[in-house]
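**Q** Sharing input_33.cif (mmCIF, C-alpha atoms and all ligand atoms) below.
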```cif
data_entry
loop_
_atom_site.group_PDB
_atom_site.id
_atom_site.type_symbol
_atom_site.label_atom_id
_atom_site.label_comp_id
_atom_site.auth_asym_id
_atom_site.auth_seq_id
_atom_site.Cartn_x
_atom_site.Cartn_y
_atom_site.Cartn_z
ATOM 1 C CA MET A 120 132.309 146.305 93.438
ATOM 2 C CA PRO A 121 129.952 143.591 92.113
ATOM 3 C CA GLU A 122 129.748 140.250 93.904
ATOM 4 C CA ARG A 123 131.608 137.276 92.444
ATOM 5 C CA ALA A 124 129.962 134.158 90.964
ATOM 6 C CA GLY A 125 128.626 131.814 93.625
ATOM 7 C CA GLU A 126 127.650 134.613 96.020
ATOM 8 C CA LYS A 127 123.891 134.628 95.927
ATOM 9 C CA SER A 128 122.344 137.960 95.161
ATOM 10 C CA ALA A 129 118.782 138.795 96.051
ATOM 11 C CA GLN A 130 118.267 140.054 92.530
ATOM 12 C CA ALA A 131 119.325 136.762 90.994
ATOM 13 C CA ASP A 132 116.737 134.953 93.068
ATOM 14 C CA ALA A 133 113.894 137.238 92.095
ATOM 15 C CA ALA A 134 111.491 135.663 89.666
ATOM 16 C CA GLN A 135 112.026 137.513 86.403
ATOM 17 C CA GLU A 136 110.885 137.089 82.863
ATOM 18 C CA LEU A 137 114.085 136.806 80.898
ATOM 19 C CA PHE A 138 114.610 137.385 77.180
ATOM 20 C CA ALA A 139 117.138 136.702 74.459
ATOM 21 C CA LEU A 140 117.805 139.860 72.431
ATOM 22 C CA ILE A 141 118.909 139.272 68.850
ATOM 23 C CA THR A 142 120.082 142.206 66.754
ATOM 24 C CA GLY A 143 119.774 141.785 63.000
ATOM 25 C CA ALA A 144 116.991 139.223 63.477
ATOM 26 C CA SER A 145 115.144 140.076 60.273
ATOM 27 C CA GLY A 146 117.116 137.609 58.136
ATOM 28 C CA GLY A 147 120.178 135.419 57.737
ATOM 29 C CA ILE A 148 122.046 134.217 60.807
ATOM 30 C CA GLY A 149 119.961 136.398 63.162
ATOM 31 C CA ALA A 150 116.640 134.896 62.036
ATOM 32 C CA CYS A 151 118.161 131.429 62.473
ATOM 33 C CA PHE A 152 119.177 132.360 66.017
ATOM 34 C CA ALA A 153 115.566 133.413 66.646
ATOM 35 C CA ARG A 154 114.221 130.066 65.369
ATOM 36 C CA ALA A 155 116.729 128.020 67.368
ATOM 37 C CA LEU A 156 116.156 129.982 70.589
ATOM 38 C CA ALA A 157 112.363 129.806 70.224
ATOM 39 C CA GLU A 158 112.852 126.051 69.896
ATOM 40 C CA ARG A 159 114.576 126.209 73.299
ATOM 41 C CA GLY A 160 111.541 128.014 74.738
ATOM 42 C CA ARG A 161 113.218 131.404 75.084
ATOM 43 C CA ASN A 162 111.342 134.700 75.123
ATOM 44 C CA LEU A 163 112.710 136.828 72.312
ATOM 45 C CA VAL A 164 113.367 140.441 71.440
ATOM 46 C CA LEU A 165 113.928 140.788 67.708
ATOM 47 C CA ALA A 166 115.647 143.985 66.575
ATOM 48 C CA ALA A 167 116.444 145.262 63.060
ATOM 49 C CA ARG A 168 115.329 147.985 60.630
ATOM 50 C CA SER A 169 112.854 145.862 58.622
ATOM 51 C CA GLY A 170 109.774 145.883 60.837
ATOM 52 C CA SER A 171 107.671 143.868 58.373
ATOM 53 C CA LYS A 172 110.232 141.031 58.267
ATOM 54 C CA LEU A 173 110.382 140.987 62.057
ATOM 55 C CA GLU A 174 106.564 140.842 62.216
ATOM 56 C CA ALA A 175 106.544 137.940 59.741
ATOM 57 C CA LEU A 176 109.127 136.073 61.831
ATOM 58 C CA LYS A 177 107.127 136.740 64.992
ATOM 59 C CA THR A 178 103.996 135.340 63.323
ATOM 60 C CA GLU A 179 105.915 132.258 62.147
ATOM 61 C CA LEU A 180 107.416 131.560 65.578
ATOM 62 C CA SER A 181 104.210 132.268 67.501
ATOM 63 C CA ALA A 182 102.348 129.748 65.318
ATOM 64 C CA LEU A 183 105.107 127.131 65.676
ATOM 65 C CA HIS A 184 105.412 127.445 69.448
ATOM 66 C CA GLN A 185 101.782 128.061 70.465
ATOM 67 C CA GLY A 186 101.957 125.566 73.328
ATOM 68 C CA GLN A 187 105.062 127.071 74.915
ATOM 69 C CA ALA A 188 103.631 130.569 75.442
ATOM 70 C CA ILE A 189 106.883 132.310 74.613
ATOM 71 C CA ARG A 190 106.845 136.108 74.421
ATOM 72 C CA ILE A 191 108.179 137.753 71.296
ATOM 73 C CA GLU A 192 108.833 141.492 71.210
ATOM 74 C CA ILE A 193 109.882 143.523 68.200
ATOM 75 C CA VAL A 194 112.024 146.648 68.131
ATOM 76 C CA GLU A 195 112.332 148.333 64.742
ATOM 77 C CA ILE A 196 115.563 150.284 64.930
ATOM 78 C CA ASP A 197 118.580 151.414 62.926
ATOM 79 C CA LEU A 198 121.553 150.350 65.017
ATOM 80 C CA SER A 199 124.139 152.147 62.884
ATOM 81 C CA VAL A 200 123.290 155.638 64.152
ATOM 82 C CA PRO A 201 124.782 157.358 67.212
ATOM 83 C CA GLU A 202 123.083 156.481 70.515
ATOM 84 C CA ALA A 203 121.208 153.541 68.964
ATOM 85 C CA ALA A 204 122.235 151.225 71.797
ATOM 86 C CA GLU A 205 120.895 153.664 74.408
ATOM 87 C CA ARG A 206 117.602 153.919 72.531
ATOM 88 C CA LEU A 207 117.234 150.140 72.304
ATOM 89 C CA PHE A 208 118.102 149.789 75.985
ATOM 90 C CA THR A 209 115.482 152.400 76.905
ATOM 91 C CA ALA A 210 112.873 150.571 74.776
ATOM 92 C CA LEU A 211 113.645 147.362 76.700
ATOM 93 C CA GLN A 212 113.362 149.126 80.050
ATOM 94 C CA GLU A 213 110.030 150.683 79.083
ATOM 95 C CA ARG A 214 108.679 147.191 78.322
ATOM 96 C CA GLY A 215 110.092 145.729 81.556
ATOM 97 C CA ILE A 216 112.365 143.367 79.641
ATOM 98 C CA ASN A 217 115.411 141.734 81.253
ATOM 99 C CA VAL A 218 117.928 140.286 78.832
ATOM 100 C CA SER A 219 119.733 137.088 79.815
ATOM 101 C CA LEU A 220 121.166 136.338 76.359
ATOM 102 C CA LEU A 221 122.419 139.028 73.993
ATOM 103 C CA VAL A 222 123.173 138.070 70.412
ATOM 104 C CA ASN A 223 125.034 140.983 68.832
ATOM 105 C CA ASN A 224 124.549 139.817 65.273
ATOM 106 C CA ALA A 225 123.616 142.856 63.141
ATOM 107 C CA GLY A 226 126.458 143.770 60.842
ATOM 108 C CA PHE A 227 127.509 144.389 57.274
ATOM 109 C CA GLY A 228 130.629 144.769 55.164
ATOM 110 C CA ALA A 229 131.747 146.619 52.073
ATOM 111 C CA HIS A 230 133.791 145.498 49.111
ATOM 112 C CA GLY A 231 136.126 147.692 47.121
ATOM 113 C CA GLU A 232 139.092 149.995 47.473
ATOM 114 C CA PHE A 233 139.028 151.882 50.759
ATOM 115 C CA VAL A 234 139.883 155.130 48.961
ATOM 116 C CA GLU A 235 136.789 154.788 46.772
ATOM 117 C CA LEU A 236 134.195 153.406 49.205
ATOM 118 C CA PRO A 237 131.860 156.120 50.566
ATOM 119 C CA LEU A 238 133.034 157.490 53.893
ATOM 120 C CA ALA A 239 129.487 157.641 55.301
ATOM 121 C CA ARG A 240 128.971 153.918 54.681
ATOM 122 C CA GLN A 241 132.297 153.043 56.349
ATOM 123 C CA SER A 242 131.333 155.143 59.370
ATOM 124 C CA GLU A 243 127.954 153.376 59.596
ATOM 125 C CA MET A 244 129.806 150.058 59.525
ATOM 126 C CA LEU A 245 132.131 151.130 62.328
ATOM 127 C CA ARG A 246 129.160 152.232 64.424
ATOM 128 C CA LEU A 247 127.072 149.100 63.794
ATOM 129 C CA ASN A 248 129.816 146.457 63.916
ATOM 130 C CA ILE A 249 131.821 148.005 66.760
ATOM 131 C CA VAL A 250 130.219 150.890 68.665
ATOM 132 C CA THR A 251 126.646 149.637 69.042
ATOM 133 C CA LEU A 252 127.868 146.099 69.779
ATOM 134 C CA THR A 253 130.145 147.405 72.535
ATOM 135 C CA GLU A 254 127.563 149.772 73.998
ATOM 136 C CA LEU A 255 124.796 147.157 74.063
ATOM 137 C CA THR A 256 127.184 144.776 75.792
ATOM 138 C CA ARG A 257 128.066 147.436 78.366
ATOM 139 C CA LEU A 258 124.413 148.318 78.976
ATOM 140 C CA LEU A 259 123.141 144.739 79.326
ATOM 141 C CA LEU A 260 126.052 143.067 81.094
ATOM 142 C CA PRO A 261 125.353 144.587 84.551
ATOM 143 C CA GLY A 262 121.948 142.828 84.703
ATOM 144 C CA MET A 263 123.611 139.504 83.908
ATOM 145 C CA VAL A 264 126.347 140.127 86.472
ATOM 146 C CA ALA A 265 123.691 140.885 89.083
ATOM 147 C CA ARG A 266 121.866 137.639 88.240
ATOM 148 C CA ARG A 267 125.151 135.679 88.157
ATOM 149 C CA SER A 268 124.180 134.146 84.833
ATOM 150 C CA GLY A 269 123.721 135.046 81.218
ATOM 151 C CA GLY A 270 125.366 134.891 77.845
ATOM 152 C CA ILE A 271 126.592 137.173 75.084
ATOM 153 C CA ILE A 272 127.251 135.975 71.558
ATOM 154 C CA ASN A 273 129.119 138.525 69.468
ATOM 155 C CA VAL A 274 129.002 137.598 65.813
ATOM 156 C CA SER A 275 132.477 138.151 64.431
ATOM 157 C CA SER A 276 133.946 136.398 61.393
ATOM 158 C CA THR A 277 136.896 134.411 60.082
ATOM 159 C CA ALA A 278 137.734 137.800 58.520
ATOM 160 C CA SER A 279 138.841 138.827 62.014
ATOM 161 C CA PHE A 280 142.025 136.756 61.862
ATOM 162 C CA GLN A 281 143.870 138.545 59.068
ATOM 163 C CA PRO A 282 144.005 141.904 57.310
ATOM 164 C CA ILE A 283 141.912 141.709 54.131
ATOM 165 C CA PRO A 284 142.578 144.239 51.368
ATOM 166 C CA TYR A 285 139.428 145.435 49.550
ATOM 167 C CA THR A 286 137.323 144.835 52.646
ATOM 168 C CA CYS A 287 139.883 146.114 55.119
ATOM 169 C CA VAL A 288 137.504 148.134 57.324
ATOM 170 C CA TYR A 289 135.104 145.191 57.661
ATOM 171 C CA ALA A 290 137.949 142.788 58.544
ATOM 172 C CA ALA A 291 139.255 145.295 61.101
ATOM 173 C CA THR A 292 135.815 145.684 62.708
ATOM 174 C CA LYS A 293 135.657 141.917 63.131
ATOM 175 C CA ALA A 294 139.228 141.785 64.514
ATOM 176 C CA TYR A 295 137.929 144.175 67.173
ATOM 177 C CA VAL A 296 134.884 141.981 67.882
ATOM 178 C CA THR A 297 136.953 138.814 68.348
ATOM 179 C CA SER A 298 139.542 140.533 70.551
ATOM 180 C CA PHE A 299 136.959 142.406 72.638
ATOM 181 C CA SER A 300 134.776 139.332 73.141
ATOM 182 C CA MET A 301 137.576 136.971 74.123
ATOM 183 C CA GLY A 302 139.008 139.493 76.558
ATOM 184 C CA LEU A 303 135.609 140.183 78.082
ATOM 185 C CA ALA A 304 134.900 136.436 78.325
ATOM 186 C CA GLU A 305 137.675 136.122 80.910
ATOM 187 C CA GLU A 306 136.333 139.029 82.989
ATOM 188 C CA ALA A 307 132.683 137.988 82.772
ATOM 189 C CA SER A 308 133.332 134.347 83.673
ATOM 190 C CA LEU A 309 134.061 135.525 87.234
ATOM 191 C CA TYR A 310 130.369 136.445 87.462
ATOM 192 C CA GLY A 311 128.946 133.341 85.786
ATOM 193 C CA VAL A 312 128.376 135.146 82.461
ATOM 194 C CA LYS A 313 129.499 133.467 79.233
ATOM 195 C CA VAL A 314 130.814 135.493 76.288
ATOM 196 C CA LEU A 315 131.412 133.924 72.899
ATOM 197 C CA ALA A 316 133.136 135.308 69.799
ATOM 198 C CA LEU A 317 131.377 133.524 66.956
ATOM 199 C CA CYS A 318 133.471 133.383 63.784
ATOM 200 C CA PRO A 319 131.647 131.964 60.799
ATOM 201 C CA GLY A 320 133.281 131.808 57.394
ATOM 202 C CA GLY A 321 131.263 132.440 54.243
ATOM 203 C CA THR A 322 127.591 131.803 55.032
ATOM 204 C CA ALA A 323 124.631 131.609 52.657
ATOM 205 C CA THR A 324 122.703 134.750 53.650
ATOM 206 C CA ASN A 325 121.928 138.151 52.180
ATOM 207 C CA PHE A 326 125.273 139.420 53.521
ATOM 208 C CA PHE A 327 127.118 139.500 50.189
ATOM 209 C CA ASP A 328 124.319 141.445 48.478
ATOM 210 C CA ALA A 329 123.796 143.809 51.418
ATOM 211 C CA SER A 330 127.540 144.450 51.527
ATOM 212 C CA GLN A 331 127.792 144.720 47.718
ATOM 213 C CA PHE A 332 130.467 142.070 47.397
ATOM 214 C CA GLN A 333 131.442 140.876 43.974
ATOM 215 C CA LYS A 334 131.475 137.089 43.679
ATOM 216 C CA ILE A 335 134.398 135.631 45.613
ATOM 217 C CA ASN A 336 135.313 131.960 45.524
ATOM 218 C CA LEU A 337 135.790 131.084 49.162
ATOM 219 C CA PRO A 338 137.490 127.748 49.880
ATOM 220 C CA GLY A 339 134.822 125.230 50.866
ATOM 221 C CA GLY A 340 131.941 127.367 49.567
ATOM 222 C CA LEU A 341 129.232 128.711 51.843
ATOM 223 C CA GLN A 342 127.905 127.230 55.082
ATOM 224 C CA SER A 343 124.202 127.268 55.981
ATOM 225 C CA PRO A 344 123.188 129.832 58.628
ATOM 226 C CA GLU A 345 121.376 127.041 60.505
ATOM 227 C CA ASP A 346 124.693 125.190 60.925
ATOM 228 C CA VAL A 347 126.410 128.383 62.091
ATOM 229 C CA VAL A 348 123.769 128.836 64.801
ATOM 230 C CA LYS A 349 123.949 125.187 65.904
ATOM 231 C CA ALA A 350 127.724 125.499 66.290
ATOM 232 C CA ALA A 351 127.321 128.772 68.201
ATOM 233 C CA LEU A 352 124.814 127.462 70.718
ATOM 234 C CA ARG A 353 126.853 124.287 71.236
ATOM 235 C CA ALA A 354 129.947 126.402 71.930
ATOM 236 C CA LEU A 355 128.048 128.719 74.283
ATOM 237 C CA ASP A 356 126.606 125.748 76.187
ATOM 238 C CA LYS A 357 130.154 124.438 76.655
ATOM 239 C CA GLY A 358 131.353 127.827 77.901
ATOM 240 C CA LYS A 359 133.782 128.408 75.031
ATOM 241 C CA SER A 360 134.927 131.950 74.284
ATOM 242 C CA LEU A 361 135.711 131.342 70.603
ATOM 243 C CA ALA A 362 133.879 129.342 67.958
ATOM 244 C CA VAL A 363 135.283 129.183 64.443
ATOM 245 C CA THR A 364 132.723 127.260 62.436
ATOM 246 C CA ARG A 365 133.783 124.498 59.998
ATOM 247 C CA TRP A 366 137.060 122.579 60.065
ATOM 248 C CA ILE A 367 138.244 124.122 56.779
ATOM 249 C CA ASN A 368 138.117 127.578 58.361
ATOM 250 C CA ARG A 369 139.954 126.352 61.456
ATOM 251 C CA VAL A 370 142.711 124.823 59.297
ATOM 252 C CA MET A 371 143.078 128.009 57.236
ATOM 253 C CA ILE A 372 143.358 130.178 60.348
ATOM 254 C CA PHE A 373 145.944 127.831 61.839
ATOM 255 C CA VAL A 374 148.052 127.870 58.680
ATOM 256 C CA GLN A 375 147.799 131.670 58.409
ATOM 257 C CA ARG A 376 149.129 132.018 61.959
ATOM 258 C CA LEU A 377 152.360 130.341 60.858
ATOM 259 C CA ALA A 378 152.898 132.581 57.808
ATOM 260 C CA PRO A 379 154.296 136.167 57.773
ATOM 261 C CA ARG A 380 151.373 138.569 58.216
ATOM 262 C CA ARG A 381 152.328 140.642 55.177
ATOM 263 C CA LEU A 382 152.215 137.540 52.977
ATOM 264 C CA VAL A 383 148.834 136.592 54.432
ATOM 265 C CA ALA A 384 147.494 140.088 53.676
ATOM 266 C CA ARG A 385 148.861 139.935 50.133
ATOM 267 C CA GLN A 386 147.232 136.582 49.466
ATOM 268 C CA ALA A 387 143.933 137.777 50.915
ATOM 269 C CA GLY A 388 144.218 140.724 48.524
ATOM 270 C CA GLU A 389 144.538 138.318 45.593
ATOM 271 C CA MET A 390 141.309 136.634 46.649
ATOM 272 C CA PHE A 391 139.324 139.805 47.355
ATOM 273 C CA ARG A 392 140.581 142.138 44.595
ATOM 274 C CA PRO A 393 137.547 143.399 42.670
ATOM 275 C CA ARG A 394 137.492 141.923 39.178
ATOM 276 C CA ALA A 395 138.108 145.174 37.298
ATOM 277 C CA LYS A 396 141.286 145.871 39.307
ATOM 278 C CA SER A 397 144.723 144.575 38.370
ATOM 279 C CA ASN A 398 147.663 144.672 40.801
ATOM 280 C CA GLN A 399 149.426 147.285 38.643
ATOM 281 C CA PRO A 400 149.217 150.922 39.767
HETATM 282 N N1 LIG B 501 127.210 135.737 55.687
HETATM 283 C C1 LIG B 501 128.509 135.612 55.891
HETATM 284 O O1 LIG B 501 129.275 135.102 55.028
HETATM 285 C C2 LIG B 501 129.098 136.037 57.214
HETATM 286 C C3 LIG B 501 130.355 135.511 57.577
HETATM 287 C C4 LIG B 501 130.919 135.888 58.779
HETATM 288 C C5 LIG B 501 130.251 136.758 59.617
HETATM 289 N N2 LIG B 501 129.033 137.266 59.255
HETATM 290 C C6 LIG B 501 128.370 138.190 60.167
HETATM 291 O O2 LIG B 501 127.122 137.650 60.511
HETATM 292 C C7 LIG B 501 126.255 138.707 60.945
HETATM 293 C C8 LIG B 501 124.885 138.519 60.320
HETATM 294 O O3 LIG B 501 125.007 138.649 58.927
HETATM 295 P P1 LIG B 501 124.206 137.740 57.888
HETATM 296 O O4 LIG B 501 125.197 136.907 57.193
HETATM 297 O O5 LIG B 501 123.067 137.072 58.542
HETATM 298 O O6 LIG B 501 123.768 138.865 56.864
HETATM 299 P P2 LIG B 501 122.308 139.428 56.465
HETATM 300 O O7 LIG B 501 121.473 138.313 55.948
HETATM 301 O O8 LIG B 501 122.595 140.586 55.581
HETATM 302 O O9 LIG B 501 121.683 139.919 57.832
HETATM 303 C C9 LIG B 501 122.125 141.093 58.464
HETATM 304 C C10 LIG B 501 121.155 141.478 59.550
HETATM 305 O O10 LIG B 501 121.639 142.682 60.163
HETATM 306 C C11 LIG B 501 120.586 143.650 60.132
HETATM 307 N N3 LIG B 501 121.108 144.992 59.983
HETATM 308 C C12 LIG B 501 121.900 145.473 58.984
HETATM 309 N N4 LIG B 501 122.104 146.776 59.162
HETATM 310 C C13 LIG B 501 121.412 147.136 60.267
HETATM 311 C C14 LIG B 501 121.228 148.361 60.948
HETATM 312 N N5 LIG B 501 121.762 149.512 60.507
HETATM 313 N N6 LIG B 501 120.461 148.375 62.059
HETATM 314 C C15 LIG B 501 119.889 147.237 62.510
HETATM 315 N N7 LIG B 501 120.037 146.048 61.923
HETATM 316 C C16 LIG B 501 120.793 146.002 60.815
HETATM 317 C C17 LIG B 501 119.725 143.270 58.927
HETATM 318 O O11 LIG B 501 118.383 143.700 59.122
HETATM 319 P P3 LIG B 501 117.708 144.997 58.450
HETATM 320 O O12 LIG B 501 118.265 145.134 57.083
HETATM 321 O O13 LIG B 501 116.252 144.663 58.519
HETATM 322 O O14 LIG B 501 118.076 146.122 59.363
HETATM 323 C C18 LIG B 501 119.768 141.749 58.998
HETATM 324 O O15 LIG B 501 118.805 141.280 59.888
HETATM 325 C C19 LIG B 501 126.959 140.009 60.560
HETATM 326 O O16 LIG B 501 127.546 140.576 61.706
HETATM 327 C C20 LIG B 501 128.051 139.548 59.594
HETATM 328 O O17 LIG B 501 129.152 140.405 59.612
HETATM 329 C C21 LIG B 501 128.435 136.906 58.078
#
```
Once you've parsed the file, please lay out its structure as structure tokens.

**A**
Amino acid sequence: MPERAGEKSAQADAAQELFALITGASGGIGACFARALAERGRNLVLAARSGSKLEALKTELSALHQGQAIRIEIVEIDLSVPEAAERLFTALQERGINVSLLVNNAGFGAHGEFVELPLARQSEMLRLNIVTLTELTRLLLPGMVARRSGGIINVSSTASFQPIPYTCVYAATKAYVTSFSMGLAEEASLYGVKVLALCPGGTATNFFDASQFQKINLPGGLQSPEDVVKAALRALDKGKSLAVTRWINRVMIFVQRLAPRRLVARQAGEMFRPRAKSNQP
């Protein structure tokens, strides 16, 4: 049985070099997390598939923060394959890296009719958005519990609050992330560890191309990834377990909670229906 927060553990007192691990750090929201955390003087582990983009980001951050002597490590890895979390965890152990902040950010979606979207791609999405996120959390949380401090930011989405036809697997993966993170936040708070479900709405990144979305007119347009990260770190600092970025998203989620779920799903379907599709069978 682990000790509760406030009980000093010898491990927590040991001088350790602590890192923030960001998955999906090669672009978009993840790269913005890397910039913001380097600004805060954090050592970083940057993980994604695109090694060259990670190297470029490392070079950029090392040049910007020369005086602070922060350490930046790179792990080139596909996190959508089975046992990816174990492999990343082993790579961290081999380098003697202790993670005090985990940003589970890597993720993608898919747009189209479920019956037509390739099964393999949907399975990759389930593994990346759900399985690897959960396993990394499970592998890294014990170190934070032992130190009686730490943080986990799980990047979910406003898509997590309602079923969304034509991207229904993606929305369901994010519903899992929000539910899992908010539940875990209550458990982890007993050990001084903060867990945040971060729910951005549409954000100006490569997400829509990577996920092959057709153009969708989201109310309020797209937010900048820098603003998403600012909101996330502010929420984490305050110990919140849920951050929905932008007031327009918060209003929409509130209104949707008052409406019948089937109606909400139908309206989401109107917004997300691929252009070539009509609602006639
Ligand atoms: N943009 C939005 O509108 C929006 C809204 C709500 C939530 N989100 C969530 O925000 C998170 C970040 O997305 P983003 O908007 O920043 O999109 P992005 O620009 O496409 O970035 C996605 C990141 O995930 C990494 N990634 C993708 N597949 C991977 C894999 N198999 N293994 C390892 N890394 C992988 C990508 O790196 P590599 O390609 O180099 O592997 C990239 O660094 C996602 O979880 C997304 O669901 C985005």

**Q** Output the residue selection produced by the PyMOL selection byres (((not hetatm)) within 6 of (chain B and resi 501)) on the file above, formatted as a PyMOL selection string.

**A** chain A and resi 143-149+167-169+196-199+224-227+274-276+319-326+329

**Q** Write the residues of the selection above to a file with C-alpha atoms, as an mmCIF file, keeping the file's coordinate frame.

**A**
```cif
data_model
loop_
_atom_site.group_PDB
_atom_site.id
_atom_site.type_symbol
_atom_site.label_atom_id
_atom_site.label_comp_id
_atom_site.auth_asym_id
_atom_site.auth_seq_id
_atom_site.Cartn_x
_atom_site.Cartn_y
_atom_site.Cartn_z
ATOM 1 C CA GLY A 143 119.774 141.785 63.000
ATOM 2 C CA ALA A 144 116.991 139.223 63.477
ATOM 3 C CA SER A 145 115.144 140.076 60.273
ATOM 4 C CA GLY A 146 117.116 137.609 58.136
ATOM 5 C CA GLY A 147 120.178 135.419 57.737
ATOM 6 C CA ILE A 148 122.046 134.217 60.807
ATOM 7 C CA GLY A 149 119.961 136.398 63.162
ATOM 8 C CA ALA A 167 116.444 145.262 63.060
ATOM 9 C CA ARG A 168 115.329 147.985 60.630
ATOM 10 C CA SER A 169 112.854 145.862 58.622
ATOM 11 C CA ILE A 196 115.563 150.284 64.930
ATOM 12 C CA ASP A 197 118.580 151.414 62.926
ATOM 13 C CA LEU A 198 121.553 150.350 65.017
ATOM 14 C CA SER A 199 124.139 152.147 62.884
ATOM 15 C CA ASN A 224 124.549 139.817 65.273
ATOM 16 C CA ALA A 225 123.616 142.856 63.141
ATOM 17 C CA GLY A 226 126.458 143.770 60.842
ATOM 18 C CA PHE A 227 127.509 144.389 57.274
ATOM 19 C CA VAL A 274 129.002 137.598 65.813
ATOM 20 C CA SER A 275 132.477 138.151 64.431
ATOM 21 C CA SER A 276 133.946 136.398 61.393
ATOM 22 C CA PRO A 319 131.647 131.964 60.799
ATOM 23 C CA GLY A 320 133.281 131.808 57.394
ATOM 24 C CA GLY A 321 131.263 132.440 54.243
ATOM 25 C CA THR A 322 127.591 131.803 55.032
ATOM 26 C CA ALA A 323 124.631 131.609 52.657
ATOM 27 C CA THR A 324 122.703 134.750 53.650
ATOM 28 C CA ASN A 325 121.928 138.151 52.180
ATOM 29 C CA PHE A 326 125.273 139.420 53.521
ATOM 30 C CA ALA A 329 123.796 143.809 51.418
#
```

**Q** Env of Ile189 (chain A): 8 Å cut, atoms = only C-alpha atoms, seq-sep filter 6 positions within chain, self excluded. Answer as a ChimeraX atom specification.

**A** /A:157,160-163,181

**Q** For CA of Arg206 (chain A) and CA of Thr142 (chain A), quote the distance in Å rounded to one decimal.

**A**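 So the answer is 13.3 Å.
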
**Q** Please indicate the distance in Å from CA of Pro344 (chain A) to CA of Cys151 (chain A), rounded to one decimal place.

**A** 6.5 Å

**Q** Restricting the calculation to all atoms listed in the file, which member of A:Asn336, A:Gln342, A:Ser219, A:Thr364 is positioned closest to Ser268 (chain A)?

**A**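 Result for the nearest residue to Ser268 (chain A): A:Ser219.
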
**Q** Quote the spacing between CA of Val194 (chain A) and CA of Val164 (chain A) in Å to one decimal place.

**A** 7.2 Å

**Q** Using all atoms listed in the file, which of the listed residues (A:Phe138, A:Gln241, A:Gln281, A:Leu183) sits closest to Leu377 (chain A)?

**A**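 Checking each candidate against Leu377 (chain A), we get A:Gln281 as the closest.
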
**Q** Between A:Thr286, A:Ser330, A:Asn223, A:Thr277, which one has atoms that come closest to Val250 (chain A), using only C-alpha atoms?

**A**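 Among the listed residues, the smallest separation from Val250 (chain A) belongs to A:Asn223.
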
**Q** Check the smallest atom-to-atom distance from each of A:Arg214, A:Arg154, A:Lys357, A:Arg394 to Thr178 (chain A) using only C-alpha atoms, then report the winner.

**A**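 Answer, going by the shortest atom-to-atom distance: A:Arg154.
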
**Q** For this file, the PyMOL selection byres (((chain A and resi 175) around 12) and not hetatm) selects which residues, as an mmCIF file with C-alpha atoms, in the frame of the given file?

**A**
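What landed in out.cif:
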```cif
data_model
loop_
_atom_site.group_PDB
_atom_site.id
_atom_site.type_symbol
_atom_site.label_atom_id
_atom_site.label_comp_id
_atom_site.auth_asym_id
_atom_site.auth_seq_id
_atom_site.Cartn_x
_atom_site.Cartn_y
_atom_site.Cartn_z
ATOM 1 C CA ALA A 144 116.991 139.223 63.477
ATOM 2 C CA SER A 145 115.144 140.076 60.273
ATOM 3 C CA GLY A 146 117.116 137.609 58.136
ATOM 4 C CA ALA A 150 116.640 134.896 62.036
ATOM 5 C CA LEU A 165 113.928 140.788 67.708
ATOM 6 C CA SER A 169 112.854 145.862 58.622
ATOM 7 C CA GLY A 170 109.774 145.883 60.837
ATOM 8 C CA SER A 171 107.671 143.868 58.373
ATOM 9 C CA LYS A 172 110.232 141.031 58.267
ATOM 10 C CA LEU A 173 110.382 140.987 62.057
ATOM 11 C CA GLU A 174 106.564 140.842 62.216
ATOM 12 C CA LEU A 176 109.127 136.073 61.831
ATOM 13 C CA LYS A 177 107.127 136.740 64.992
ATOM 14 C CA THR A 178 103.996 135.340 63.323
ATOM 15 C CA GLU A 179 105.915 132.258 62.147
ATOM 16 C CA LEU A 180 107.416 131.560 65.578
ATOM 17 C CA SER A 181 104.210 132.268 67.501
ATOM 18 C CA ALA A 182 102.348 129.748 65.318
ATOM 19 C CA ILE A 191 108.179 137.753 71.296
ATOM 20 C CA ILE A 193 109.882 143.523 68.200
#
```

**Q** Could you give me, as a PyMOL selection string, the residues within 8 Å of Ala362 (chain A), counting only C-alpha atoms and dropping anything in the same chain fewer than 4 positions from it?

**A** chain A and resi 315-319+350-351+354

**Q** Can you list what the PyMOL selection byres (((chain A and resi 259) around 9) and not hetatm) grabs from this structure, as a list in words?

**A**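 Output of the PyMOL selection byres (((chain A and resi 259) around 9) and not hetatm): Phe208, Asn217, Val218, Ser219, Leu221, Glu254, Leu255, Thr256, Arg257, Leu258, Leu260, Pro261, Gly262 and Met263 of chain A.
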
**Q** Nearest to Ser360 (chain A): which of A:Gly186, A:Pro282, A:Gly302, A:Gly215 is it, counting all atoms listed in the file?

**A**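 So, comparing all the options, the nearest one is A:Gly302.
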
**Q** Can you report as JSON the centre and edge lengths in Å, to one decimal, of an axis-aligned box around the listed atoms of region 273-291 of chain A padded with 5 Å on each side?

**A**
```
{"center_x": 136.5, "center_y": 141.3, "center_z": 59.5, "size_x": 25.0, "size_y": 23.7, "size_z": 29.9}
```

**Q** With distances taken over only C-alpha atoms, which of A:Ala203, A:Ala278, A:Gly311, A:Asp328 is nearest to Val363 (chain A)?

**A**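 Closest residue, counting only C-alpha atoms: A:Ala278.
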
**Q** Name the residues in contact with Arg240 (chain A) at a cut-off of 12 Å, using all atoms listed in the file, excluding same-chain residues fewer than 6 positions from it; report them as a compact mmCIF listing (two decimals) with C-alpha atoms, in the frame of the given file.

**A**
```txt
# COMPACT_ATOMS: atom_id res chain seq x y z
CA SER A 199 124.14 152.15 62.88
CA VAL A 200 123.29 155.64 64.15
CA PHE A 227 127.51 144.39 57.27
CA GLY A 228 130.63 144.77 55.16
CA ALA A 229 131.75 146.62 52.07
CA HIS A 230 133.79 145.50 49.11
CA PHE A 233 139.03 151.88 50.76
CA ARG A 246 129.16 152.23 64.42
CA LEU A 247 127.07 149.10 63.79
CA ASN A 248 129.82 146.46 63.92
CA VAL A 288 137.50 148.13 57.32
CA TYR A 289 135.10 145.19 57.66
CA ALA A 329 123.80 143.81 51.42
CA SER A 330 127.54 144.45 51.53
CA GLN A 331 127.79 144.72 47.72
```
